[in-house]
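Q: Got a structure here, written out as structure tokens. Questions coming.
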Amino acid sequence: MNDETEAMIWSSLPVPAILIDPDENIGDMNPAAEGFFNNSAKWLTGQPIWDRLAVDAPLEASLARAREHGTPLFVNDVDVGTGSRPPLVCNLQIAPLQGRDGWMIMLISPRELAGRMTQSHSVKSAAKSAIGMAEMLAHEIKNPLAGIAGAAQLVSMNLPKEDLELTDLIVAETRRIVKLLEQVEQFGNLSAPDRVPVNIHDVLDRARRSAALGFGAHMKIMEDYDPSLPMAVGDPDQLLQVVLNLVKNASEAADPKTGGVIRLHTFYDHSFRTRRADGSGQSLPLQIEIIDDGPGLPDDIRGDIFDPFVSGKENGTGLGLALVSKIINDHDGWISVDSVPGRTVFRLSLPRYRGETKEKA
Ligand SMILES: Nc1ncnc2c1ncn2[C@@H]1O[C@H](COP(=O)(O)OP(=O)(O)OP(=O)(O)O)[C@@H](O)[C@H]1O
Ligand SMILES: [Mg+2]
């Protein structure tokens, strides 16, 4: 291919494409990107990319990794703002630029252009109204259920032994439904989190102890803590709920007979920040990882595990991770997951407690 063809392809690409130099400055961009920025390539070239482009996701670490290993990076459904217009939901594709060390090429596909915007919105609001509906139902169904269970227990008193199995079944199944309903209600009852200093290691310890006594008895739970980790800010009870849910999922992923290993890992990463679409950023230096050696996320639901009612288990409600992600969101934190067979990592990133200096930070 000669230079002319290359230039032709570059300017015909219908999606915004940007070259990023090793110092994270804009190296060049195609006409579609000029349109996206509403500015000329000439003017933008040389400017720090992350000053011009606000991406609502902590990209730095993954970008650095992609650059180092020469692997592409795909980020879906993030808000991308340019300062000159309201943020758009986009998919980003970033890849090392062949033949130029340390350079990257980034393609920005606004979801609107792909015609999927409306769909993603309706899915989200459908999930929301599904929760609202379920909450209402949960409330209404619980009382008659208690009646059914009570009646079954009364009937069982006069039954011959061989029929007891049936009433036991009624009682067990109603209990199961009540539990599910309680979980749905828990979702609705979630209030805004307290914002107090929290020792993350205390939270992890409480989760570890309660797991070891119950649902995680078959697991080996290892602690790998950074003892100098500063205090987080948040609601200790809600954060406990988060960790319990993650440890429970990890325990359920393991073979119930042979068990598995869960590692609770904490460390500090001062460079971890989120960028909001409006350009503001927040530092989330406290990292908490719950790592298991189970089979990994099922392929068919791996993109949707944080949505309510998505479950890969026969008896799962699919509300665990939805609750987790709501709580972490309410804490202005970030949750991510990285899963391959044999190693699944759920990572929580939280802001640190700043005491008196909170406002100035
Ligand atoms: N550590 C993990 N390893 C493998 N798969 C996981 C892991 N964590 C979550 N998953 C998958 O994600 C799904 C959704 O998890 P979530 O906690 O939201 O619901 P659930 O565990 O199925 O139900 P519930 O939490 O209400 O009991 C799970 O059903 C499981 O398939
Ligand atoms: Mg769960």
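The chains in the structure tokens are called A, B, ... from first to last as shown; in each chain the residues are counted from 1, and the ligands are counted from 1 in the order shown.
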Pull the alpha helix (DSSP H) assignments for range 26-249 of chain A out of DSSP run on the backbone, and list those residues as a ChimeraX atom specification.
A: /A:31-37,41-44,49-52,60-69,117-157,164-189,200-213,236-249
Q: Which chains and residue numbers are within 7 Å of ligand 1, counting only C-alpha atoms and all ligand atoms, if I want them as a list in words?
A: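 The residues near ligand 1 are Asn245, Leu246, Asn249, Ala250, Ala253, Asp292, Gly294, Pro295, Gly296, Leu297, Pro298, Ile305, Phe306, Pro308, Val310, Ser311, Gly312, Lys313, Gly316, Thr317, Gly318, Leu319, Gly320, Leu321, Ala322 and Thr344 of chain A.
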Q: For a test of reading the model, state the distance in Å between CA of Gly260 in chain A and CA of Asp205 in chain A, rounded to one decimal.
A: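 Distance between the two atoms: 18.4 Å.
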Q: Rank A:Gln93, A:Asn25, A:Thr266, A:Ser251 by their smallest atom-to-atom distance to ligand 2, using only C-alpha atoms and all ligand atoms, and report the top residue only.
A: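 Ranked by minimum distance to ligand 2, first place goes to A:Ser251.
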Q: I'd like the interatomic distance between CA of Arg302 in chain A and CA of Asp338 in chain A, to a tenth of an Å.
A: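 Here the two named atoms are 10.1 Å from each other.
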Q: Find the residues around Arg208 in chain A up to 9 Å (only C-alpha atoms counted), leave out those fewer than 3 positions away in its own chain, and share them as a VMD selection string.
A: chain A and resid 203 to 205 211 to 213 216 221 243 to 244 247 264
Q: Write a file of the just-selected residues containing all heavy atoms, as a PDB file, in the first residue's frame.
A:
ATOM      1  N   VAL A 203     -13.204  -4.925  57.923  1.00  0.00           N
ATOM      2  CA  VAL A 203     -14.330  -5.390  57.115  1.00  0.00           C
ATOM      3  C   VAL A 203     -14.013  -6.762  56.529  1.00  0.00           C
ATOM      4  O   VAL A 203     -14.823  -7.701  56.603  1.00  0.00           O
ATOM      5  CB  VAL A 203     -14.642  -4.384  55.987  1.00  0.00           C
ATOM      6  CG1 VAL A 203     -15.691  -4.953  55.038  1.00  0.00           C
ATOM      7  CG2 VAL A 203     -15.098  -3.055  56.560  1.00  0.00           C
ATOM      8  N   LEU A 204     -12.808  -6.892  55.969  1.00  0.00           N
ATOM      9  CA  LEU A 204     -12.417  -8.178  55.360  1.00  0.00           C
ATOM     10  C   LEU A 204     -12.383  -9.287  56.406  1.00  0.00           C
ATOM     11  O   LEU A 204     -12.807 -10.415  56.142  1.00  0.00           O
ATOM     12  CB  LEU A 204     -11.049  -8.038  54.671  1.00  0.00           C
ATOM     13  CG  LEU A 204     -11.035  -7.170  53.411  1.00  0.00           C
ATOM     14  CD1 LEU A 204      -9.606  -6.952  52.931  1.00  0.00           C
ATOM     15  CD2 LEU A 204     -11.869  -7.806  52.299  1.00  0.00           C
ATOM     16  N   ASP A 205     -11.895  -8.954  57.600  1.00  0.00           N
ATOM     17  CA  ASP A 205     -11.827  -9.953  58.666  1.00  0.00           C
ATOM     18  C   ASP A 205     -13.208 -10.446  59.065  1.00  0.00           C
ATOM     19  O   ASP A 205     -13.421 -11.647  59.254  1.00  0.00           O
ATOM     20  CB  ASP A 205     -11.156  -9.345  59.906  1.00  0.00           C
ATOM     21  CG  ASP A 205      -9.664  -9.600  59.887  1.00  0.00           C
ATOM     22  OD1 ASP A 205      -9.221 -10.387  59.034  1.00  0.00           O
ATOM     23  OD2 ASP A 205      -8.964  -9.007  60.734  1.00  0.00           O
ATOM     24  N   ALA A 211     -17.710 -16.091  56.694  1.00  0.00           N
ATOM     25  CA  ALA A 211     -17.664 -17.061  55.594  1.00  0.00           C
ATOM     26  C   ALA A 211     -17.165 -18.411  56.099  1.00  0.00           C
ATOM     27  O   ALA A 211     -17.730 -19.459  55.775  1.00  0.00           O
ATOM     28  CB  ALA A 211     -16.758 -16.561  54.479  1.00  0.00           C
ATOM     29  N   ALA A 212     -16.120 -18.388  56.936  1.00  0.00           N
ATOM     30  CA  ALA A 212     -15.507 -19.634  57.411  1.00  0.00           C
ATOM     31  C   ALA A 212     -16.501 -20.453  58.230  1.00  0.00           C
ATOM     32  O   ALA A 212     -16.433 -21.678  58.269  1.00  0.00           O
ATOM     33  CB  ALA A 212     -14.265 -19.322  58.233  1.00  0.00           C
ATOM     34  N   LEU A 213     -17.439 -19.763  58.881  1.00  0.00           N
ATOM     35  CA  LEU A 213     -18.419 -20.475  59.712  1.00  0.00           C
ATOM     36  C   LEU A 213     -19.608 -20.977  58.911  1.00  0.00           C
ATOM     37  O   LEU A 213     -20.352 -21.827  59.378  1.00  0.00           O
ATOM     38  CB  LEU A 213     -18.938 -19.542  60.817  1.00  0.00           C
ATOM     39  CG  LEU A 213     -17.910 -19.162  61.870  1.00  0.00           C
ATOM     40  CD1 LEU A 213     -18.471 -18.110  62.806  1.00  0.00           C
ATOM     41  CD2 LEU A 213     -17.487 -20.398  62.645  1.00  0.00           C
ATOM     42  N   GLY A 216     -18.667 -20.485  53.391  1.00  0.00           N
ATOM     43  CA  GLY A 216     -17.318 -20.644  52.857  1.00  0.00           C
ATOM     44  C   GLY A 216     -16.502 -21.667  53.618  1.00  0.00           C
ATOM     45  O   GLY A 216     -15.275 -21.681  53.540  1.00  0.00           O
ATOM     46  N   ILE A 221      -9.242 -19.524  52.964  1.00  0.00           N
ATOM     47  CA  ILE A 221      -9.250 -18.075  52.730  1.00  0.00           C
ATOM     48  C   ILE A 221      -7.918 -17.479  53.200  1.00  0.00           C
ATOM     49  O   ILE A 221      -7.542 -17.604  54.366  1.00  0.00           O
ATOM     50  CB  ILE A 221     -10.432 -17.401  53.456  1.00  0.00           C
ATOM     51  CG1 ILE A 221     -11.741 -18.052  53.004  1.00  0.00           C
ATOM     52  CG2 ILE A 221     -10.445 -15.901  53.165  1.00  0.00           C
ATOM     53  CD1 ILE A 221     -12.993 -17.475  53.628  1.00  0.00           C
ATOM     54  N   VAL A 243     -18.342  -7.249  50.458  1.00  0.00           N
ATOM     55  CA  VAL A 243     -17.306  -8.282  50.533  1.00  0.00           C
ATOM     56  C   VAL A 243     -17.946  -9.657  50.741  1.00  0.00           C
ATOM     57  O   VAL A 243     -17.540 -10.647  50.122  1.00  0.00           O
ATOM     58  CB  VAL A 243     -16.294  -7.956  51.645  1.00  0.00           C
ATOM     59  CG1 VAL A 243     -15.275  -9.071  51.769  1.00  0.00           C
ATOM     60  CG2 VAL A 243     -15.612  -6.622  51.370  1.00  0.00           C
ATOM     61  N   LEU A 244     -18.986  -9.716  51.587  1.00  0.00           N
ATOM     62  CA  LEU A 244     -19.662 -10.994  51.813  1.00  0.00           C
ATOM     63  C   LEU A 244     -20.211 -11.561  50.518  1.00  0.00           C
ATOM     64  O   LEU A 244     -20.067 -12.750  50.224  1.00  0.00           O
ATOM     65  CB  LEU A 244     -20.812 -10.810  52.818  1.00  0.00           C
ATOM     66  CG  LEU A 244     -20.434 -10.863  54.285  1.00  0.00           C
ATOM     67  CD1 LEU A 244     -21.635 -10.550  55.162  1.00  0.00           C
ATOM     68  CD2 LEU A 244     -19.854 -12.227  54.660  1.00  0.00           C
ATOM     69  N   VAL A 247     -17.264 -12.843  48.413  1.00  0.00           N
ATOM     70  CA  VAL A 247     -16.683 -14.073  48.959  1.00  0.00           C
ATOM     71  C   VAL A 247     -17.667 -15.241  48.783  1.00  0.00           C
ATOM     72  O   VAL A 247     -17.270 -16.374  48.492  1.00  0.00           O
ATOM     73  CB  VAL A 247     -16.309 -13.877  50.446  1.00  0.00           C
ATOM     74  CG1 VAL A 247     -15.865 -15.190  51.069  1.00  0.00           C
ATOM     75  CG2 VAL A 247     -15.200 -12.836  50.583  1.00  0.00           C
ATOM     76  N   LEU A 264      -7.719 -12.704  49.767  1.00  0.00           N
ATOM     77  CA  LEU A 264      -8.156 -11.330  49.998  1.00  0.00           C
ATOM     78  C   LEU A 264      -6.917 -10.454  49.925  1.00  0.00           C
ATOM     79  O   LEU A 264      -6.012 -10.587  50.744  1.00  0.00           O
ATOM     80  CB  LEU A 264      -8.833 -11.199  51.373  1.00  0.00           C
ATOM     81  CG  LEU A 264      -9.990 -12.179  51.619  1.00  0.00           C
ATOM     82  CD1 LEU A 264     -10.493 -12.068  53.052  1.00  0.00           C
ATOM     83  CD2 LEU A 264     -11.130 -11.913  50.641  1.00  0.00           C
TER      84      LEU A 264
END
Q: Report the residues of range 183-318 of chain A whose backbone DSSP state falls under strand (DSSP E or B), written as a tab-separated table (two decimals) with C-alpha atoms, in the first residue's frame.
A:
chain	number	residue	atom	x	y	z
A	196	VAL	CA	-17.06	7.48	58.15
A	197	PRO	CA	-13.46	6.29	58.28
A	198	VAL	CA	-13.41	2.54	57.67
A	219	MET	CA	-12.76	-22.77	51.22
A	220	LYS	CA	-9.26	-21.84	52.25
A	221	ILE	CA	-9.25	-18.07	52.73
A	222	MET	CA	-5.86	-16.37	52.59
A	223	GLU	CA	-5.05	-12.83	53.64
A	224	ASP	CA	-2.60	-10.79	51.69
A	232	ALA	CA	-11.23	4.25	53.46
A	233	VAL	CA	-14.30	6.42	53.70
A	234	GLY	CA	-17.69	4.78	53.60
A	255	ASP	CA	-16.34	-27.39	43.75
A	259	GLY	CA	-13.22	-26.50	47.82
A	260	GLY	CA	-10.83	-23.86	46.61
A	261	VAL	CA	-8.69	-20.93	47.60
A	262	ILE	CA	-9.85	-17.35	48.07
A	263	ARG	CA	-7.24	-14.65	48.41
A	264	LEU	CA	-8.16	-11.33	50.00
A	265	HIS	CA	-5.64	-8.87	48.65
A	266	THR	CA	-5.27	-5.20	49.53
A	267	PHE	CA	-2.84	-2.67	48.18
A	268	TYR	CA	-2.41	1.02	47.53
A	273	ARG	CA	-8.33	7.68	39.34
A	274	THR	CA	-11.71	7.84	37.70
A	275	ARG	CA	-12.44	10.57	35.23
A	281	GLY	CA	-11.55	13.27	38.53
A	282	GLN	CA	-11.45	11.33	41.73
A	283	SER	CA	-8.62	9.47	43.31
A	286	LEU	CA	-7.42	1.81	47.96
A	287	GLN	CA	-7.55	-1.50	46.11
A	288	ILE	CA	-9.30	-4.56	47.48
A	289	GLU	CA	-9.23	-7.75	45.45
A	290	ILE	CA	-11.21	-10.90	46.06
A	291	ILE	CA	-9.49	-13.58	44.03
A	292	ASP	CA	-10.62	-17.16	43.56
Q: Range 86-91 of chain A: which residues within 6 Å, counting only C-alpha atoms, same-chain residues fewer than 6 positions away excluded, as number ranges by chain?
A: A: 75-80, 109-111, 277
Q: Would you export the selected residues with all heavy atoms as a compact mmCIF listing (two decimals), in the first residue's frame, please?
A:
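And here is the file that came out, selection-v5.txt:
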# COMPACT_ATOMS: atom_id res chain seq x y z
N VAL A 75 -12.67 -0.85 25.60
CA VAL A 75 -13.47 -0.36 26.73
C VAL A 75 -14.85 -0.03 26.19
O VAL A 75 -14.98 0.79 25.30
CB VAL A 75 -12.84 0.90 27.34
CG1 VAL A 75 -13.56 1.28 28.62
CG2 VAL A 75 -11.37 0.72 27.58
N ASN A 76 -15.86 -0.71 26.74
CA ASN A 76 -17.21 -0.51 26.21
C ASN A 76 -18.08 0.34 27.12
O ASN A 76 -17.91 0.33 28.33
CB ASN A 76 -17.90 -1.87 26.00
CG ASN A 76 -17.31 -2.57 24.80
OD1 ASN A 76 -16.71 -1.93 23.93
ND2 ASN A 76 -17.47 -3.89 24.76
N ASP A 77 -19.00 1.06 26.50
CA ASP A 77 -20.04 1.78 27.24
C ASP A 77 -19.50 2.78 28.24
O ASP A 77 -19.90 2.76 29.40
CB ASP A 77 -20.96 0.79 27.99
CG ASP A 77 -21.65 -0.16 27.04
OD1 ASP A 77 -21.78 0.20 25.86
OD2 ASP A 77 -22.06 -1.24 27.49
N VAL A 78 -18.56 3.61 27.84
CA VAL A 78 -18.10 4.65 28.75
C VAL A 78 -18.57 6.00 28.24
O VAL A 78 -18.76 6.20 27.04
CB VAL A 78 -16.56 4.70 28.88
CG1 VAL A 78 -16.08 3.56 29.73
CG2 VAL A 78 -15.88 4.71 27.53
N ASP A 79 -18.77 6.91 29.18
CA ASP A 79 -19.12 8.28 28.80
C ASP A 79 -17.85 8.98 28.34
O ASP A 79 -16.84 8.95 29.03
CB ASP A 79 -19.68 9.04 30.01
CG ASP A 79 -21.13 8.66 30.28
OD1 ASP A 79 -21.77 8.16 29.35
OD2 ASP A 79 -21.60 8.89 31.40
N VAL A 80 -17.91 9.59 27.18
CA VAL A 80 -16.76 10.32 26.67
C VAL A 80 -17.18 11.75 26.36
O VAL A 80 -18.12 11.98 25.59
CB VAL A 80 -16.21 9.65 25.39
CG1 VAL A 80 -15.03 10.45 24.84
CG2 VAL A 80 -15.77 8.22 25.67
N SER A 109 -15.99 4.82 19.04
CA SER A 109 -17.28 4.57 18.37
C SER A 109 -18.41 4.99 19.28
O SER A 109 -18.73 4.27 20.23
CB SER A 109 -17.46 3.09 18.05
OG SER A 109 -16.24 2.50 17.75
N PRO A 110 -19.00 6.15 18.98
CA PRO A 110 -20.16 6.54 19.76
C PRO A 110 -21.28 5.52 19.55
O PRO A 110 -21.52 5.11 18.42
CB PRO A 110 -20.55 7.91 19.18
CG PRO A 110 -19.33 8.40 18.48
CD PRO A 110 -18.63 7.16 17.99
N ARG A 111 -21.90 5.09 20.62
CA ARG A 111 -22.92 4.05 20.52
C ARG A 111 -24.12 4.54 19.72
O ARG A 111 -24.80 3.76 19.09
CB ARG A 111 -23.37 3.62 21.91
CG ARG A 111 -22.24 3.09 22.75
CD ARG A 111 -22.24 1.60 22.77
NE ARG A 111 -23.58 1.11 23.02
CZ ARG A 111 -23.86 0.11 23.82
NH1 ARG A 111 -22.91 -0.47 24.46
NH2 ARG A 111 -25.10 -0.31 23.97
N ALA A 277 -17.27 12.26 33.23
CA ALA A 277 -17.47 12.79 31.89
C ALA A 277 -17.38 14.32 31.88
O ALA A 277 -17.09 14.92 30.85
CB ALA A 277 -18.84 12.36 31.37
Q: Please identify all polymer residues within 6 Å of range 48-53 of chain A, counting only C-alpha atoms, omitting same-chain residues fewer than 5 positions from it, and present them as a PyMOL selection string.
A: chain A and resi 24-26+81-82
Q: Just the residues within 8 Å of Ser336 in chain A, please, counting only C-alpha atoms, with nothing from its chain fewer than 2 positions along; format it as a ChimeraX atom specification.
A: /A:334,338,346-348
Q: Generate the output file for the selected residues, all heavy atoms, as a PDB file, in the first residue's frame.
A:
ATOM      1  N   TRP A 334     -15.208   2.164  42.432  1.00  0.00           N
ATOM      2  CA  TRP A 334     -15.151   1.530  41.114  1.00  0.00           C
ATOM      3  C   TRP A 334     -15.019   0.042  41.328  1.00  0.00           C
ATOM      4  O   TRP A 334     -14.314  -0.402  42.229  1.00  0.00           O
ATOM      5  CB  TRP A 334     -13.932   2.064  40.361  1.00  0.00           C
ATOM      6  CG  TRP A 334     -13.840   1.583  38.958  1.00  0.00           C
ATOM      7  CD1 TRP A 334     -13.114   0.530  38.493  1.00  0.00           C
ATOM      8  CD2 TRP A 334     -14.508   2.144  37.822  1.00  0.00           C
ATOM      9  NE1 TRP A 334     -13.297   0.404  37.146  1.00  0.00           N
ATOM     10  CE2 TRP A 334     -14.133   1.375  36.702  1.00  0.00           C
ATOM     11  CE3 TRP A 334     -15.379   3.232  37.643  1.00  0.00           C
ATOM     12  CZ2 TRP A 334     -14.610   1.641  35.427  1.00  0.00           C
ATOM     13  CZ3 TRP A 334     -15.842   3.494  36.364  1.00  0.00           C
ATOM     14  CH2 TRP A 334     -15.454   2.713  35.281  1.00  0.00           C
ATOM     15  N   ASP A 338     -11.923  -9.361  36.382  1.00  0.00           N
ATOM     16  CA  ASP A 338     -11.028  -9.934  35.392  1.00  0.00           C
ATOM     17  C   ASP A 338     -11.103 -11.433  35.634  1.00  0.00           C
ATOM     18  O   ASP A 338     -10.795 -11.895  36.726  1.00  0.00           O
ATOM     19  CB  ASP A 338      -9.625  -9.385  35.674  1.00  0.00           C
ATOM     20  CG  ASP A 338      -8.680  -9.736  34.543  1.00  0.00           C
ATOM     21  OD1 ASP A 338      -9.145 -10.270  33.540  1.00  0.00           O
ATOM     22  OD2 ASP A 338      -7.475  -9.462  34.698  1.00  0.00           O
ATOM     23  N   PHE A 346     -12.228  -9.972  41.448  1.00  0.00           N
ATOM     24  CA  PHE A 346     -13.108  -8.823  41.578  1.00  0.00           C
ATOM     25  C   PHE A 346     -12.337  -7.748  42.324  1.00  0.00           C
ATOM     26  O   PHE A 346     -11.842  -7.993  43.424  1.00  0.00           O
ATOM     27  CB  PHE A 346     -14.378  -9.185  42.351  1.00  0.00           C
ATOM     28  CG  PHE A 346     -15.416  -9.864  41.494  1.00  0.00           C
ATOM     29  CD1 PHE A 346     -15.379 -11.229  41.293  1.00  0.00           C
ATOM     30  CD2 PHE A 346     -16.408  -9.115  40.872  1.00  0.00           C
ATOM     31  CE1 PHE A 346     -16.328 -11.857  40.494  1.00  0.00           C
ATOM     32  CE2 PHE A 346     -17.357  -9.726  40.075  1.00  0.00           C
ATOM     33  CZ  PHE A 346     -17.316 -11.097  39.878  1.00  0.00           C
ATOM     34  N   ARG A 347     -12.203  -6.583  41.703  1.00  0.00           N
ATOM     35  CA  ARG A 347     -11.431  -5.531  42.352  1.00  0.00           C
ATOM     36  C   ARG A 347     -12.307  -4.323  42.701  1.00  0.00           C
ATOM     37  O   ARG A 347     -13.057  -3.829  41.876  1.00  0.00           O
ATOM     38  CB  ARG A 347     -10.295  -5.042  41.468  1.00  0.00           C
ATOM     39  CG  ARG A 347      -9.384  -4.096  42.263  1.00  0.00           C
ATOM     40  CD  ARG A 347      -8.626  -3.146  41.384  1.00  0.00           C
ATOM     41  NE  ARG A 347      -7.451  -3.780  40.832  1.00  0.00           N
ATOM     42  CZ  ARG A 347      -6.375  -3.076  40.449  1.00  0.00           C
ATOM     43  NH1 ARG A 347      -6.347  -1.765  40.582  1.00  0.00           N
ATOM     44  NH2 ARG A 347      -5.365  -3.712  39.936  1.00  0.00           N
ATOM     45  N   LEU A 348     -12.212  -3.917  43.968  1.00  0.00           N
ATOM     46  CA  LEU A 348     -12.897  -2.706  44.416  1.00  0.00           C
ATOM     47  C   LEU A 348     -11.856  -1.610  44.570  1.00  0.00           C
ATOM     48  O   LEU A 348     -10.777  -1.850  45.108  1.00  0.00           O
ATOM     49  CB  LEU A 348     -13.557  -2.937  45.779  1.00  0.00           C
ATOM     50  CG  LEU A 348     -14.438  -4.181  45.911  1.00  0.00           C
ATOM     51  CD1 LEU A 348     -14.776  -4.420  47.384  1.00  0.00           C
ATOM     52  CD2 LEU A 348     -15.699  -3.988  45.099  1.00  0.00           C
TER      53      LEU A 348
END
Q: Quick one: residues within 7 Å of range 164-177 of chain A, only C-alpha atoms, excluding same-chain residues fewer than 6 positions away - as a list of chain:residue names?
A: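 Residues near the query, excluding close chain neighbours: A:Leu145, A:Ala149, A:Ala152, A:Gln153, A:Ser156.
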